[in-house]
>>> print(open('run.txt').read())   # compact mmCIF, C-alpha atoms and all ligand atoms
# COMPACT_ATOMS: atom_id res chain seq x y z
CA MET A 19 143.17 72.17 119.75
CA LYS A 20 140.64 74.54 118.20
CA ARG A 21 142.97 75.39 115.35
CA GLN A 22 143.07 71.73 114.30
CA ILE A 23 139.53 72.01 113.00
CA ALA A 24 141.04 73.86 110.04
CA GLN A 25 142.43 70.57 108.74
CA MET A 26 139.15 68.65 108.94
CA ASN A 27 136.20 68.44 106.63
CA TRP A 28 132.63 68.89 107.80
CA ASP A 29 131.39 65.41 106.90
CA ASP A 30 134.09 63.77 109.03
CA TYR A 31 133.68 66.24 111.87
CA ARG A 32 129.87 66.31 111.92
CA VAL A 33 129.50 62.64 112.80
CA LEU A 34 131.99 62.63 115.68
CA PRO A 35 130.44 61.81 119.05
CA GLU A 36 130.11 64.88 121.31
CA GLY A 37 132.83 63.59 123.63
CA GLU A 38 135.27 63.59 120.70
CA LYS A 39 134.10 66.92 119.34
CA ALA A 40 134.58 68.56 122.72
CA LYS A 41 138.36 68.21 122.28
CA TYR A 42 138.24 70.51 119.27
CA LEU A 43 136.30 73.17 121.10
CA THR A 44 138.95 74.19 123.59
CA SER A 45 141.96 76.45 123.35
CA ASP A 46 144.81 76.83 125.86
CA GLY A 47 143.01 74.61 128.37
CA ARG A 48 139.80 76.65 128.36
CA LEU A 49 136.50 76.46 126.53
CA TYR A 50 136.55 78.20 123.19
CA ASP A 51 133.12 77.32 121.80
CA VAL A 52 130.16 76.36 123.99
CA LEU A 53 127.88 74.12 121.96
CA PHE A 54 126.61 71.31 124.17
CA SER A 55 126.53 70.28 127.83
CA GLN A 56 128.86 67.31 127.42
CA GLN A 57 131.73 69.83 127.24
CA PHE A 58 131.48 70.48 130.98
CA ASN A 59 133.14 68.27 133.55
CA ARG A 60 132.93 68.61 137.29
CA GLU A 61 136.15 70.57 137.59
CA LEU A 62 134.95 73.18 135.11
CA LEU A 63 131.50 73.36 136.73
CA ASP A 64 133.13 73.95 140.11
CA HIS A 65 135.34 76.65 138.64
CA LEU A 66 132.37 78.43 137.04
CA PHE A 67 130.35 78.12 140.25
CA VAL A 68 133.06 79.84 142.29
CA LEU A 69 133.59 82.41 139.55
CA THR A 70 129.87 83.22 139.29
CA ASN A 71 129.66 83.79 143.04
CA LYS A 72 132.74 85.99 142.94
CA ILE A 73 131.35 88.09 140.09
CA ARG A 74 128.11 88.67 142.01
CA LEU A 75 130.13 89.81 144.99
CA VAL A 76 132.48 92.09 143.06
CA SER A 77 129.61 93.75 141.22
CA LYS A 78 127.92 94.76 144.46
CA THR A 79 130.16 97.81 144.88
CA ARG A 80 130.37 100.66 142.41
CA GLU A 81 134.14 100.29 142.21
CA GLY A 82 133.81 96.55 141.57
CA ALA A 83 131.15 96.98 138.89
CA GLU A 84 133.25 99.65 137.15
CA TRP A 85 136.31 97.43 137.28
CA LEU A 86 134.40 94.49 135.77
CA SER A 87 133.26 96.71 132.92
CA THR A 88 136.86 97.38 131.90
CA LEU A 89 137.80 93.71 131.50
CA LEU A 90 136.47 93.09 127.99
CA ALA A 91 135.91 96.68 126.88
CA THR A 92 137.72 96.10 123.59
CA LYS A 93 135.56 93.09 122.61
CA LYS A 94 132.42 93.07 120.48
CA ALA A 95 129.69 90.43 120.54
CA LEU A 96 127.10 89.58 117.92
CA LEU A 97 123.81 88.22 119.22
CA TYR A 98 122.43 86.33 116.23
CA PHE A 99 119.00 85.24 117.48
CA ILE A 100 116.85 83.82 114.70
CA GLN A 101 114.24 82.38 117.11
CA PRO A 102 112.06 84.07 119.72
CA SER A 103 113.80 84.88 122.99
CA THR A 104 113.40 87.40 125.79
CA ARG A 105 115.36 86.09 128.73
CA THR A 106 118.33 84.46 127.06
CA PHE A 107 118.79 87.36 124.67
CA LEU A 108 118.63 90.06 127.36
CA SER A 109 120.61 87.97 129.78
CA PHE A 110 123.49 87.64 127.32
CA TRP A 111 123.22 91.31 126.43
CA SER A 112 123.39 92.26 130.07
CA ALA A 113 126.23 89.79 130.75
CA CYS A 114 128.29 91.26 127.89
CA SER A 115 127.67 94.78 129.20
CA THR A 116 128.76 93.79 132.69
CA LEU A 117 132.20 93.04 131.24
CA GLY A 118 132.17 96.17 129.09
CA MET A 119 131.65 94.40 125.76
CA LYS A 120 129.81 96.13 122.92
CA VAL A 121 126.81 94.22 121.58
CA ILE A 122 125.03 94.22 118.24
CA ASP A 123 122.05 92.01 117.45
CA VAL A 124 120.48 90.44 114.40
CA ARG A 125 117.08 89.01 115.25
CA SER A 126 115.36 88.58 111.97
CA PRO A 127 116.61 86.51 109.04
CA GLU A 128 114.92 89.03 106.71
CA THR A 129 117.58 91.59 107.55
CA SER A 130 120.44 89.18 106.80
CA SER A 131 122.21 88.88 103.46
CA GLU A 132 121.40 85.17 103.49
CA MET A 133 118.09 86.43 102.06
CA LYS A 134 120.00 87.67 99.01
CA GLY A 135 121.29 84.16 98.50
CA GLU A 136 124.55 84.49 100.41
CA SER A 137 125.87 81.16 101.67
CA ALA A 138 126.01 80.47 105.40
CA GLU A 139 129.79 80.24 105.02
CA ASP A 140 130.16 83.73 103.55
CA ASN A 141 127.68 85.13 106.02
CA LEU A 142 129.65 83.77 108.96
CA ARG A 143 132.93 84.91 107.49
CA THR A 144 131.55 88.42 107.39
CA ILE A 145 130.45 88.10 111.00
CA SER A 146 133.91 86.99 112.08
CA SER A 147 135.45 90.06 110.48
CA TYR A 148 133.57 92.46 112.72
CA PHE A 149 133.06 90.62 116.01
CA ASP A 150 134.96 88.75 118.70
CA ILE A 151 132.26 86.25 119.59
CA LEU A 152 129.06 84.87 118.06
CA ILE A 153 126.20 84.08 120.43
CA THR A 154 123.40 82.40 118.54
CA ARG A 155 119.92 80.95 118.87
CA HIS A 156 118.56 79.13 115.89
CA PRO A 157 115.60 76.85 115.12
CA GLU A 158 117.91 74.39 113.35
CA ARG A 159 119.42 71.64 115.46
CA GLY A 160 123.04 71.78 114.27
CA TYR A 161 123.35 75.48 113.45
CA ALA A 162 125.74 76.47 116.25
CA ASP A 163 127.84 73.39 115.57
CA LYS A 164 128.16 74.21 111.89
CA ALA A 165 128.81 77.89 112.60
CA SER A 166 131.61 77.07 115.02
CA PHE A 167 133.12 74.70 112.45
CA ILE A 168 133.00 77.28 109.67
CA LEU A 169 134.35 80.05 111.90
CA GLY A 170 137.14 77.74 113.03
CA LYS A 171 138.30 77.46 109.44
CA THR A 172 138.52 81.19 108.76
CA ARG A 173 141.76 83.10 109.19
CA ARG A 174 140.12 85.01 111.99
CA PRO A 175 138.29 82.40 114.08
CA ILE A 176 135.97 83.61 116.85
CA PRO A 177 134.16 81.58 119.54
CA THR A 178 130.53 80.50 119.17
CA ILE A 179 128.06 80.10 122.02
CA ASN A 180 124.91 78.06 121.47
CA ALA A 181 122.03 79.94 123.10
CA GLY A 182 119.49 77.29 122.06
CA SER A 183 119.48 75.04 119.01
CA GLY A 184 116.21 73.48 117.89
CA LYS A 185 114.92 70.76 120.21
CA ASP A 186 118.43 69.66 120.94
CA GLN A 187 120.39 71.63 123.52
CA HIS A 188 120.54 74.81 125.55
CA PRO A 189 123.81 74.47 127.44
CA THR A 190 123.93 77.92 129.07
CA GLN A 191 120.42 77.43 130.47
CA ALA A 192 121.63 74.15 131.98
CA LEU A 193 124.61 75.95 133.49
CA LEU A 194 122.40 78.48 135.21
CA ASP A 195 120.05 75.72 136.35
CA ILE A 196 122.98 73.90 137.92
CA PHE A 197 124.10 77.13 139.59
CA SER A 198 120.59 77.67 140.97
CA LEU A 199 120.34 74.09 142.22
CA ARG A 200 123.76 74.22 143.87
CA LYS A 201 122.90 77.49 145.57
CA SER A 202 119.65 76.01 146.87
CA PHE A 203 121.33 72.95 148.36
CA ASP A 204 124.59 74.62 149.45
CA LYS A 205 123.80 74.28 153.14
CA LEU A 206 121.85 71.05 152.73
CA GLY A 207 124.68 68.71 151.82
CA GLY A 208 125.05 69.89 148.22
CA LEU A 209 123.38 68.76 145.03
CA GLU A 210 124.86 65.27 145.36
CA GLY A 211 122.30 62.62 146.24
CA LYS A 212 119.28 64.82 145.54
CA THR A 213 116.16 63.78 143.62
CA ILE A 214 115.26 66.03 140.71
CA MET A 215 111.89 65.70 139.02
CA MET A 216 111.54 67.05 135.47
CA VAL A 217 108.00 67.68 134.33
CA GLY A 218 106.25 68.39 131.03
CA ASP A 219 107.24 68.04 127.40
CA LEU A 220 110.49 66.17 128.01
CA LYS A 221 110.65 64.89 124.45
CA ARG A 222 111.07 68.30 122.84
CA GLY A 223 112.41 70.43 125.68
CA ARG A 224 116.06 71.30 125.10
CA THR A 225 116.56 72.66 128.61
CA VAL A 226 115.85 69.35 130.32
CA ARG A 227 118.05 67.51 127.83
CA SER A 228 121.02 69.77 128.50
CA LEU A 229 120.39 69.68 132.24
CA CYS A 230 120.40 65.86 132.31
CA TYR A 231 123.91 65.82 130.84
CA LEU A 232 125.22 68.25 133.45
CA LEU A 233 123.56 66.47 136.36
CA THR A 234 125.58 63.34 135.66
CA ASN A 235 128.55 65.23 137.15
CA PHE A 236 126.97 64.99 140.61
CA PRO A 237 127.13 61.57 142.29
CA GLY A 238 124.00 60.01 143.69
CA ILE A 239 121.53 62.13 141.70
CA ARG A 240 118.17 60.46 141.11
CA LEU A 241 115.88 61.65 138.34
CA ILE A 242 112.12 61.41 137.96
CA PHE A 243 110.73 62.10 134.49
CA SER A 244 107.08 63.04 134.69
CA SER A 245 105.31 63.38 131.34
CA PRO A 246 102.58 61.86 129.22
CA GLU A 247 103.71 58.72 127.39
CA ALA A 248 103.90 60.53 124.02
CA PHE A 249 106.20 63.24 125.44
CA LYS A 250 108.73 61.04 127.23
CA MET A 251 112.42 61.80 127.48
CA GLU A 252 114.27 60.60 124.36
CA ASN A 253 116.37 57.43 124.38
CA ASP A 254 119.69 59.16 123.65
CA ILE A 255 119.48 60.92 127.02
CA LYS A 256 118.31 57.80 128.83
CA ASP A 257 121.17 55.80 127.32
CA PHE A 258 123.64 58.46 128.43
CA LEU A 259 122.23 58.34 131.97
CA LYS A 260 122.51 54.54 132.02
CA ARG A 261 126.14 54.70 130.89
CA ARG A 262 126.83 57.16 133.72
CA HIS A 263 124.90 54.98 136.22
CA VAL A 264 122.37 57.69 137.01
CA SER A 265 119.09 56.18 138.14
CA PHE A 266 115.87 57.54 136.68
CA LEU A 267 112.20 56.72 136.89
CA GLU A 268 109.61 57.47 134.20
CA THR A 269 106.04 58.15 135.20
CA GLU A 270 102.83 59.66 133.91
CA GLU A 271 102.03 60.75 137.46
CA PHE A 272 102.80 64.24 138.63
CA ALA A 273 101.01 65.36 141.79
CA SER A 274 101.58 62.08 143.67
CA MET A 275 105.35 62.29 143.00
CA ILE A 276 105.85 65.79 144.47
CA PRO A 277 106.78 64.58 148.00
CA ASP A 278 109.63 62.48 146.55
CA ALA A 279 111.48 65.37 144.89
CA ASP A 280 114.05 67.77 146.32
CA ALA A 281 113.78 69.92 143.21
CA ILE A 282 110.99 70.11 140.65
CA TYR A 283 111.82 71.46 137.20
CA MET A 284 108.64 72.44 135.38
CA THR A 285 108.59 72.99 131.60
CA ARG A 286 106.05 74.14 129.06
CA LEU A 287 104.56 72.29 126.11
CA GLN A 288 106.90 72.90 123.14
CA ASP A 289 104.11 73.13 120.58
CA GLU A 290 106.21 75.11 118.10
CA HIS A 291 107.73 71.74 117.22
CA ASP A 292 104.40 70.12 116.32
CA THR A 293 104.29 68.41 112.97
CA GLY A 294 100.57 67.67 113.27
CA ASN A 295 98.18 68.10 116.18
CA GLU A 296 100.19 66.15 118.75
CA SER A 297 100.13 68.89 121.40
CA LYS A 298 96.33 68.63 121.53
CA THR A 299 96.74 65.27 123.27
CA PHE A 300 98.77 66.80 126.12
CA ASP A 301 96.65 67.44 129.21
CA VAL A 302 98.46 70.55 130.49
CA SER A 303 96.31 70.73 133.64
CA LYS A 304 97.65 67.38 134.84
CA PHE A 305 101.27 68.56 134.66
CA ALA A 306 100.80 71.92 136.37
CA PHE A 307 101.97 72.98 139.81
CA ARG A 308 99.14 74.64 141.71
CA GLU A 309 99.01 76.37 145.07
CA GLU A 310 97.41 73.27 146.62
CA HIS A 311 100.57 71.30 145.71
CA LEU A 312 102.79 73.45 147.95
CA LYS A 313 101.91 71.45 151.04
CA ALA A 314 103.26 68.30 149.39
CA LEU A 315 106.58 69.94 148.47
CA LYS A 316 109.45 69.24 150.88
CA PRO A 317 110.16 72.12 153.30
CA ASN A 318 113.62 72.52 151.73
CA GLY A 319 112.44 71.67 148.23
CA VAL A 320 112.74 74.05 145.29
CA LEU A 321 110.65 74.74 142.25
CA LEU A 322 112.34 75.73 139.01
CA HIS A 323 111.22 76.68 135.51
CA PRO A 324 113.36 77.92 132.60
CA LEU A 325 110.44 80.23 131.64
CA PRO A 326 108.42 81.35 129.76
CA ARG A 327 105.56 79.68 131.61
CA ARG A 328 102.09 79.29 130.30
CA GLY A 329 100.20 77.94 133.25
CA GLU A 330 102.51 75.13 134.37
CA ILE A 331 102.93 77.04 137.63
CA GLU A 332 100.06 78.98 139.11
CA GLU A 333 101.07 82.59 139.76
CA ARG A 334 100.07 82.38 143.41
CA VAL A 335 102.92 79.91 143.90
CA ASP A 336 105.45 82.72 143.17
CA LEU A 337 105.08 84.04 146.72
CA ASP A 338 106.38 80.84 148.30
CA PRO A 339 110.09 81.02 149.25
CA ARG A 340 110.66 77.67 147.52
CA ALA A 341 109.72 79.20 144.15
CA MET A 342 113.14 79.69 142.56
CA TYR A 343 112.33 80.67 138.99
CA TRP A 344 112.67 84.44 139.24
CA ARG A 345 115.98 84.10 141.07
CA GLN A 346 116.93 81.58 138.38
CA VAL A 347 116.52 84.35 135.77
CA ARG A 348 118.92 86.62 137.67
CA ASN A 349 121.37 83.74 138.20
CA GLY A 350 121.37 83.27 134.43
CA MET A 351 122.91 86.64 133.90
CA TRP A 352 125.71 86.05 136.42
CA THR A 353 126.41 82.60 135.04
CA ARG A 354 126.77 84.02 131.54
CA VAL A 355 129.15 86.71 132.78
CA ALA A 356 131.28 83.93 134.27
CA LEU A 357 131.20 81.92 131.07
CA LEU A 358 132.27 84.90 128.94
CA ALA A 359 135.03 85.74 131.44
CA HIS A 360 136.26 82.15 131.18
CA ILE A 361 136.20 82.06 127.37
CA PHE A 362 138.15 85.31 127.12
CA GLY A 363 140.58 84.33 129.88
CA VAL A 364 139.86 87.04 132.45
CA ASP A 365 138.54 84.56 135.02
CA LYS A 366 141.84 84.37 136.92
CA LYS A 367 141.94 88.16 137.27
CA ILE A 368 138.44 88.15 138.72
CA LEU A 369 139.19 85.39 141.20
CA GLU A 370 142.31 87.24 142.37
CA LYS A 371 140.41 90.50 142.90
C1 LIG B 401 113.69 77.91 127.08
C2 LIG B 401 114.11 77.64 125.64
O1 LIG B 401 114.24 78.57 124.85
O2 LIG B 401 114.35 76.48 125.36
N1 LIG B 401 113.61 79.28 127.37
C3 LIG B 401 114.72 79.91 127.85
O3 LIG B 401 115.72 80.06 127.19
N2 LIG B 401 114.69 80.30 129.14
C4 LIG B 401 112.47 77.19 127.49
C5 LIG B 401 111.23 77.31 126.66
O4 LIG B 401 111.15 78.10 125.72
O5 LIG B 401 110.28 76.58 126.99
>>> encode(input="run.txt", output="structure tokens", more="lines below")
Ligand code: NCD
Amino acid sequence: MKRQIAQMNWDDYRVLPEGEKAKYLTSDGRLYDVLFSQQFNRELLDHLFVLTNKIRLVSKTREGAEWLSTLLATKKALLYFIQPSTRTFLSFWSACSTLGMKVIDVRSPETSSEMKGESAEDNLRTISSYFDILITRHPERGYADKASFILGKTRRPIPTINAGSGKDQHPTQALLDIFSLRKSFDKLGGLEGKTIMMVGDLKRGRTVRSLCYLLTNFPGIRLIFSSPEAFKMENDIKDFLKRRHVSFLETEEFASMIPDADAIYMTRLQDEHDTGNESKTFDVSKFAFREEHLKALKPNGVLLHPLPRRGEIEERVDLDPRAMYWRQVRNGMWTRVALLAHIFGVDKKILEK
């Protein structure tokens, strides 16, 4: 299906709903580009969950780790990260290395020929000549989408992974969040039927947006959105949830809602997206998880955060076994190994190992 993009023009393609676009982003029954969370259905999430667990297991032995590093040893990845990142960047780097891929990075637009006036099209065409996959983070909302479209039209198309695009989506973060949640509730009846509370700047947080889409694949999920009125979850997500019959509650309360949640997903204020002084109106202290809140958290509850944190979770909370966020970071790496293995079609080999 991916090849069919070559016959389309951008203006027709750009306006397609994500569900339609998703059809163009697969090849031979597997994901080719990973641009948004609506590309994942339950079957694929289950496959990646099993694959991620298997990869963790295989990599535990020296022989297994060495074997994994032969699987994509002929492939080269470009990490094109034109927006600050520590975790996602290093996590992808490490994931590529686990499979033996070579990695090169461009992190500053000043070092790119786009500064000399080269068009995005020519720039991407150059990229596709040297690399086998583009993994990109960009401040612009549709950058990964456009890049995948342009690369799909070249004579040497390569896959694109969106590692964060503006305020819009962060699909691989959502994948690792789902993995972390499933792991947490594995022996507690699964993620189905659980109540997830998302807290903070829900309006401009791309992680919570992408996570909402993925959560609709799990029946019986209930969502609580806890944020100040001015930072509420956007309507496009709420409409999607309604269409999928996922119940959600919006509140400006935080502390009093803690006992209701099985998982609490904290997020930071996304003030880099301010157009004026709007972040000044956000009372961060009201939407922060402090040590005193631990007693209200369910005994089997979990606390997540995509990180970086800036005070939304007091550091003393880290010692509690329900604090998941550092394990979440590690899970991110394994999830990204699984995703790369799937894209390049070595997933079956790994599962048979
Ligand atoms: C998130 C992001 O970049 O959206 N960080 C990450 O990738 N783990 C969250 C954030 O920056 O607040």
>>> closest_residue(input="run.txt", among="A:Ala281, A:Ala192, A:Cys230, A:Ala306", to="Lys212 in chain A", atoms="only C-alpha atoms")
A:Ala281
>>> residues_near_ligand(input="run.txt", ligand="ligand LIG 401 (chain B)", cutoff="6 Å", atoms="all atoms listed in the file", output="PyMOL selection string")
chain A and resi 105-106+224-225+286+324-326
>>> atom_distance(input="run.txt", atom1="CA of Arg155 in chain A", atom2="CA of Asn71 in chain A")
26.2 Å
>>> atom_distance(input="run.txt", atom1="CA of Asp292 in chain A", atom2="CA of Pro157 in chain A")
13.1 Å
>>> atom_distance(input="run.txt", atom1="CA of Tyr42 in chain A", atom2="CA of Lys171 in chain A")
12.0 Å
>>> residues_around(input="run.txt", residues="Arg345 in chain A", least_positions_apart="2", cutoff="12 Å", atoms="all atoms listed in the file", output="list of chain:residue names")
A:Leu194, A:Asp195, A:Phe197, A:Ser198, A:Leu199, A:Lys201, A:Ser202, A:Val320, A:Leu321, A:Leu322, A:His323, A:Pro324, A:Leu325, A:Asp336, A:Pro339, A:Arg340, A:Ala341, A:Met342, A:Tyr343, A:Val347, A:Arg348, A:Asn349, A:Gly350, A:Met351, A:Trp352
>>> write_last_selection(input="run.txt", atoms="C-alpha atoms", output="PDB file, in the coordinates of the input")
ATOM      1  CA  LEU A 194     122.400  78.480 135.210  1.00  0.00           C
ATOM      2  CA  ASP A 195     120.050  75.720 136.350  1.00  0.00           C
ATOM      3  CA  PHE A 197     124.100  77.130 139.590  1.00  0.00           C
ATOM      4  CA  SER A 198     120.590  77.670 140.970  1.00  0.00           C
ATOM      5  CA  LEU A 199     120.340  74.090 142.220  1.00  0.00           C
ATOM      6  CA  LYS A 201     122.900  77.490 145.570  1.00  0.00           C
ATOM      7  CA  SER A 202     119.650  76.010 146.870  1.00  0.00           C
ATOM      8  CA  VAL A 320     112.740  74.050 145.290  1.00  0.00           C
ATOM      9  CA  LEU A 321     110.650  74.740 142.250  1.00  0.00           C
ATOM     10  CA  LEU A 322     112.340  75.730 139.010  1.00  0.00           C
ATOM     11  CA  HIS A 323     111.220  76.680 135.510  1.00  0.00           C
ATOM     12  CA  PRO A 324     113.360  77.920 132.600  1.00  0.00           C
ATOM     13  CA  LEU A 325     110.440  80.230 131.640  1.00  0.00           C
ATOM     14  CA  ASP A 336     105.450  82.720 143.170  1.00  0.00           C
ATOM     15  CA  PRO A 339     110.090  81.020 149.250  1.00  0.00           C
ATOM     16  CA  ARG A 340     110.660  77.670 147.520  1.00  0.00           C
ATOM     17  CA  ALA A 341     109.720  79.200 144.150  1.00  0.00           C
ATOM     18  CA  MET A 342     113.140  79.690 142.560  1.00  0.00           C
ATOM     19  CA  TYR A 343     112.330  80.670 138.990  1.00  0.00           C
ATOM     20  CA  VAL A 347     116.520  84.350 135.770  1.00  0.00           C
ATOM     21  CA  ARG A 348     118.920  86.620 137.670  1.00  0.00           C
ATOM     22  CA  ASN A 349     121.370  83.740 138.200  1.00  0.00           C
ATOM     23  CA  GLY A 350     121.370  83.270 134.430  1.00  0.00           C
ATOM     24  CA  MET A 351     122.910  86.640 133.900  1.00  0.00           C
ATOM     25  CA  TRP A 352     125.710  86.050 136.420  1.00  0.00           C
TER      26      TRP A 352
END
>>> residues_around(input="run.txt", residues="Glu330 in chain A", least_positions_apart="4", cutoff="9 Å", atoms="all atoms listed in the file", output="list in words")
Gly218, Met284, Thr285, Arg286, Leu287, Val302, Ser303, Phe305, Ala306, Phe307, Arg308 and His323 of chain A
>>> closest_residue(input="run.txt", among="A:Gln191, A:Thr293, A:Gln57, A:Gln25", to="Glu38 in chain A", atoms="only C-alpha atoms")
A:Gln57
>>> closest_residue(input="run.txt", among="A:Gly82, A:Gly363, A:Pro237, A:Pro246", to="Leu209 in chain A", atoms="all atoms listed in the file")
A:Pro237
